[in-house]
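Shown next, in structure tokens, is the structure this report addresses.
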Amino acid sequence: MSRRRGPIMAAGAVVLRDGPNGPQVLTVHRPRYDDISLPKGHLESGEDAPVAAVREVLEETGVKVRLTAGLQPIEYDVPHKGGKMVQWWRARVCAAEAGEIDRSEVDEVLWLDVGQARERLSYHTDVQVLEEALEIPPTMTILMVRHAKAVSRKEWGSKKGNADDTKRPLDRRGHRQAKALRTLLDAYGVTRLVSSPSKRCMQTLQPFAKDSDIEITECPEFTEETFEAHHKAPKRAMKKLVAEALDDPDSPLAICGHRPVLPSMGDVVHSGNHPMSTAECLIVHLDHKGRAVRQEWHRPSV
């Protein structure tokens with residue numbers, strides 16, 4: 001008996017912009033199917049779905065986007081191939097890049113008014129995704145990151161002179177996780193970085209910071225040591241950061257902290273109790289009043 005495989009995984013985005021007559025949505029015409037659809041495509045091996053969504057939009061349309069609120073996934077059957085699941089996000093334009101579009105896949109890129117899109121999209125599931133994207137209010141994005149895998153406390157403490165736990169670094173796997181985080185943070189267009197000054201947290205964000213030329217702001221209130229001495233300090237610091245982020249919703253923020261401290265920080269954005277693995281990201285999308293509209297979790301593949 002053959003083992004049933006899981007669904008084919010794909011990702012896409014509803015890209016919206018302001019037009020002269022209201023919102024416009026980015027669509028493509030695919031000559032192979034002679035259809036008009038929202039940009040989407042299959043995940044590559046080991047690729048995170050948000051990263052795939054941004055990549056597929058760029059490859060099919062030449063438009064660089066950043067993701068905002070996550071949408072409900074759509075699952076359907078593909079003849080002779082089995083099930084397919086598409087994960088969707090709403091997205092905003094970062095830049096119209098002069099990227100080479102594969103004309104064998106897409107021969108026309110169309111910005112359609114919403115009314116036109118409802119009429120011309122070839123699949124009712126695309127219309128369904130579009131309607132959900134239009135119903136969500138504008139949001140700003142905060143990514144809360146648990147630091148990547150660090151050298152164990154026992155190993156670190158056994159070495160002479162290593163009594164200061166704030167200097168404990170990442171191990172080899174942790175460095176790989178930190179590098180893998182670069183594309184995920186980029187997919188959400190992160191422009192601000194805040195971290196516990198502990199070395200393992202700073203090292204988690206440093207590969208992305210270096211690539212994007214963004215300075216990491218240290219926040220001592222997010223260390224384990226401060227949390228143990230003053231339990232309310234991380235929450236106060238988090239409230240201040242959220243208020244600043246709400247004043248600048250076009251500048252997504254990533255914050256790196258520690259496992260014991262993250263629940264207190266998450267209380268501020270009403271994220272619920274979700275134990276986070278090393279290098280895992282909690283991504284919260286807040287409305288203008290700071291209420292959580294959508295949230296999602298992503299674990300690294302390394």
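Every chain in the structure tokens has a letter given in the order shown (A, B, ...), and although residue numbers restart at 1 in each chain, ligands are simply numbered from 1 in the order shown.
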
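Using only C-alpha atoms, the residues found no farther than 8 Å from Gly12 (chain A), other than those of its own chain fewer than 5 positions away, are Leu38, Pro39, Lys40, Gly41, Ala52, Ala53, Val54, Glu56, Val57, Val86, Gln87, Trp88 and Trp89 of chain A.
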
10 Å contact set for Met238 (chain A), only C-alpha atoms, chain neighbours under 5 positions out, as a ChimeraX atom specification:
/A:219,221-222,233,243-244,255,264-269

Using the chain letters and numbers from this document, which residues of region 50-223 of chain A does DSSP assign to helix (DSSP H, G or I), as an MDAnalysis selection string?
chainID A and resid 50:61 114:120 124:135 153:158 165:167 172:187 199:212 220:222

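Near Glu44 (chain A), within a cut-off of 12 Å and counting only C-alpha atoms, sit the residues Ile8, Met9, Ala10, Ala11, Gly41, Glu47, Asp48, Ala49, Pro50, Val51, Ala52, Ala53, Arg55 and Glu56 of chain A, with same-chain residues fewer than 3 positions away left out.
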
Show which residues sit within 12 Å of Arg146 (chain A), as a PyMOL selection string. Count only C-alpha atoms, and ignore same-chain residues fewer than 5 positions away.
chain A and resi 174+177-178+181+195-196+200-205+222-223+254-263+265-266+274-283+297-300

Pick out the closest residue to Arg118 (chain A) from this set: A:Val190, A:Asp34, A:Ala13, A:Thr27. Count only C-alpha atoms.
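Distance minimum relative to Arg118 (chain A) lands on A:Thr27.
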
Could you tell me, as a VMD selection string, which residues of region 76-294 of chain A DSSP assigns to strand (DSSP E) when given the backbone?
chain A and resid 76 to 78 82 to 96 108 to 113 140 to 146 192 to 195 216 to 218 253 to 257 281 to 286 292 to 294

Give me a file of those residues, with N, CA and C atoms, as a compact mmCIF listing (two decimals), in the first residue's frame.
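Result file again.txt:
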```txt
# COMPACT_ATOMS: atom_id res chain seq x y z
N TYR A 76 -7.09 22.67 -1.73
CA TYR A 76 -7.93 22.12 -2.78
C TYR A 76 -7.18 20.97 -3.45
N ASP A 77 -7.89 20.21 -4.28
CA ASP A 77 -7.30 19.07 -4.97
C ASP A 77 -6.84 19.47 -6.36
N VAL A 78 -5.68 18.96 -6.74
CA VAL A 78 -5.13 19.15 -8.08
C VAL A 78 -5.23 17.82 -8.82
N GLY A 82 -3.03 15.23 -6.23
CA GLY A 82 -3.44 15.22 -4.84
C GLY A 82 -3.77 16.61 -4.32
N GLY A 83 -3.68 16.77 -3.00
CA GLY A 83 -4.06 18.03 -2.37
C GLY A 83 -2.99 19.10 -2.50
N LYS A 84 -3.42 20.34 -2.45
CA LYS A 84 -2.51 21.48 -2.48
C LYS A 84 -2.99 22.50 -1.46
N MET A 85 -2.07 23.00 -0.67
CA MET A 85 -2.39 24.03 0.31
C MET A 85 -1.60 25.29 0.01
N VAL A 86 -2.32 26.41 -0.11
CA VAL A 86 -1.68 27.70 -0.37
C VAL A 86 -1.83 28.57 0.87
N GLN A 87 -0.71 29.03 1.41
CA GLN A 87 -0.73 29.96 2.52
C GLN A 87 -0.66 31.38 1.96
N TRP A 88 -1.51 32.24 2.50
CA TRP A 88 -1.68 33.58 1.94
C TRP A 88 -1.37 34.67 2.95
N TRP A 89 -0.91 35.79 2.45
CA TRP A 89 -0.71 37.00 3.25
C TRP A 89 -1.22 38.21 2.45
N ARG A 90 -1.60 39.22 3.17
CA ARG A 90 -1.77 40.53 2.55
C ARG A 90 -0.38 41.16 2.48
N ALA A 91 -0.13 41.96 1.46
CA ALA A 91 1.22 42.51 1.28
C ALA A 91 1.16 43.93 0.76
N ARG A 92 2.24 44.66 1.00
CA ARG A 92 2.38 46.03 0.51
C ARG A 92 3.62 46.13 -0.36
N VAL A 93 3.58 47.05 -1.30
CA VAL A 93 4.68 47.23 -2.24
C VAL A 93 5.84 47.94 -1.54
N CYS A 94 7.03 47.36 -1.69
CA CYS A 94 8.26 48.02 -1.25
C CYS A 94 8.91 48.76 -2.42
N ALA A 95 8.98 48.06 -3.56
CA ALA A 95 9.60 48.65 -4.75
C ALA A 95 9.19 47.85 -5.97
N ALA A 96 9.04 48.55 -7.08
CA ALA A 96 8.81 47.88 -8.36
C ALA A 96 10.18 47.65 -8.99
N GLU A 108 1.53 38.70 -18.58
CA GLU A 108 0.93 40.02 -18.33
C GLU A 108 0.74 40.21 -16.83
N VAL A 109 1.17 41.38 -16.36
CA VAL A 109 0.98 41.76 -14.95
C VAL A 109 -0.06 42.87 -14.92
N LEU A 110 -1.10 42.69 -14.11
CA LEU A 110 -2.24 43.59 -14.13
C LEU A 110 -2.55 44.13 -12.73
N TRP A 111 -2.61 45.45 -12.62
CA TRP A 111 -3.17 46.08 -11.42
C TRP A 111 -4.64 46.34 -11.70
N LEU A 112 -5.53 45.64 -10.99
CA LEU A 112 -6.96 45.75 -11.23
C LEU A 112 -7.66 46.44 -10.07
N ASP A 113 -8.61 47.32 -10.39
CA ASP A 113 -9.50 47.81 -9.35
C ASP A 113 -10.21 46.62 -8.72
N MET A 140 0.11 47.14 11.82
CA MET A 140 1.56 47.25 11.93
C MET A 140 2.06 45.92 12.50
N THR A 141 3.33 45.60 12.25
CA THR A 141 3.85 44.27 12.53
C THR A 141 4.99 44.30 13.53
N ILE A 142 4.88 43.42 14.54
CA ILE A 142 5.96 43.21 15.50
C ILE A 142 6.34 41.73 15.48
N LEU A 143 7.63 41.45 15.34
CA LEU A 143 8.14 40.09 15.38
C LEU A 143 8.89 39.89 16.69
N MET A 144 8.45 38.94 17.49
CA MET A 144 9.13 38.59 18.73
C MET A 144 9.92 37.31 18.48
N VAL A 145 11.22 37.36 18.70
CA VAL A 145 12.12 36.26 18.35
C VAL A 145 12.77 35.70 19.62
N ARG A 146 12.64 34.39 19.83
CA ARG A 146 13.45 33.77 20.87
C ARG A 146 14.85 33.56 20.31
N ARG A 192 13.38 47.94 12.06
CA ARG A 192 13.87 48.27 13.41
C ARG A 192 14.19 46.99 14.15
N LEU A 193 15.31 47.00 14.89
CA LEU A 193 15.75 45.83 15.64
C LEU A 193 16.02 46.23 17.09
N VAL A 194 15.44 45.47 18.02
CA VAL A 194 15.65 45.68 19.45
C VAL A 194 16.00 44.33 20.06
N SER A 195 16.92 44.32 21.03
CA SER A 195 17.35 43.06 21.60
C SER A 195 17.77 43.21 23.05
N ILE A 216 21.18 47.52 15.90
CA ILE A 216 20.38 46.86 16.93
C ILE A 216 20.37 47.73 18.18
N THR A 217 19.18 48.08 18.65
CA THR A 217 19.04 48.84 19.89
C THR A 217 18.98 47.88 21.06
N GLU A 218 19.86 48.05 22.03
CA GLU A 218 19.87 47.18 23.21
C GLU A 218 18.83 47.64 24.23
N LEU A 253 8.93 45.99 13.34
CA LEU A 253 9.89 45.88 14.42
C LEU A 253 10.13 44.42 14.80
N ALA A 254 11.40 44.03 14.97
CA ALA A 254 11.75 42.70 15.47
C ALA A 254 12.46 42.86 16.81
N ILE A 255 12.05 42.04 17.78
CA ILE A 255 12.59 42.10 19.14
C ILE A 255 13.08 40.71 19.52
N CYS A 256 14.32 40.60 19.98
CA CYS A 256 14.87 39.30 20.38
C CYS A 256 14.99 39.24 21.90
N GLY A 257 14.47 38.15 22.48
CA GLY A 257 14.50 37.99 23.93
C GLY A 257 14.72 36.54 24.34
N CYS A 281 9.83 32.55 15.77
CA CYS A 281 9.29 33.90 15.70
C CYS A 281 7.79 33.90 15.96
N LEU A 282 7.35 34.78 16.82
CA LEU A 282 5.94 35.09 16.97
C LEU A 282 5.71 36.41 16.25
N ILE A 283 4.84 36.41 15.27
CA ILE A 283 4.60 37.61 14.47
C ILE A 283 3.18 38.09 14.74
N VAL A 284 3.07 39.29 15.27
CA VAL A 284 1.79 39.85 15.68
C VAL A 284 1.48 41.07 14.82
N HIS A 285 0.26 41.11 14.29
CA HIS A 285 -0.18 42.24 13.48
C HIS A 285 -1.24 43.01 14.28
N LEU A 286 -0.94 44.26 14.61
CA LEU A 286 -1.79 45.06 15.49
C LEU A 286 -2.51 46.15 14.70
N ALA A 292 -4.47 42.90 18.70
CA ALA A 292 -3.97 41.88 17.79
C ALA A 292 -5.05 41.48 16.80
N VAL A 293 -4.78 41.70 15.51
CA VAL A 293 -5.70 41.33 14.44
C VAL A 293 -5.38 39.93 13.92
N ARG A 294 -4.11 39.64 13.75
CA ARG A 294 -3.64 38.34 13.30
C ARG A 294 -2.33 38.03 14.03
```

Atomic separation - CA of Pro138 (chain A) relative to CA of Gly189 (chain A), Å
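CA of Pro138 (chain A) lies 15.5 Å from CA of Gly189 (chain A).
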
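Nearest-residue note for Ser212 (chain A): choosing from A:Arg168, A:Lys289, A:Arg120, A:Arg182, the minimum distance belongs to A:Arg182, counting only C-alpha atoms.
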
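Of note, CA of His175 (chain A) and CA of Ala150 (chain A) are spaced 8.7 Å apart.
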
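Using only C-alpha atoms, the residues found no farther than 12 Å from Ala117 (chain A), other than those of its own chain fewer than 5 positions away, are Val14, Leu16, Pro23, Gln24, Val25, Leu26, Thr27, Val28, Ile36, Ser37, Leu38, Leu110, Trp111, Leu112, Ser122, Tyr123, His124, Asp126, Val127, Gln128, Val129, Leu130 and Glu131 of chain A.
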
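With only C-alpha atoms as the basis for measurement, A:Glu105 is the residue among A:Asp171, A:Asp35, A:Glu105, A:Asp18 that approaches Glu60 (chain A) most closely.
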
Computed interatomic separation between CA of Glu119 (chain A) and CA of Val63 (chain A) (Å):
23.2 Å

Smallest atom-to-atom distance to Thr191 (chain A): which of A:Pro252, A:Glu100, A:Ser271, A:His147, using only C-alpha atoms?
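Residue with the minimum atom-to-atom distance to Thr191 (chain A): A:Pro252.
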
Quick one: of A:Lys235, A:Val151, A:Gly46, A:Val65, who's nearest to Asp186 (chain A), counting only C-alpha atoms?
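Looking at the shortest contact to Asp186 (chain A), the residue is A:Val65.
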
Quick one: everything within 9 Å of His288 (chain A), counting only C-alpha atoms, minus sequence neighbours fewer than 6 positions away in the same chain. Send it as a PyMOL selection string.
chain A and resi 137-140+246-247+249
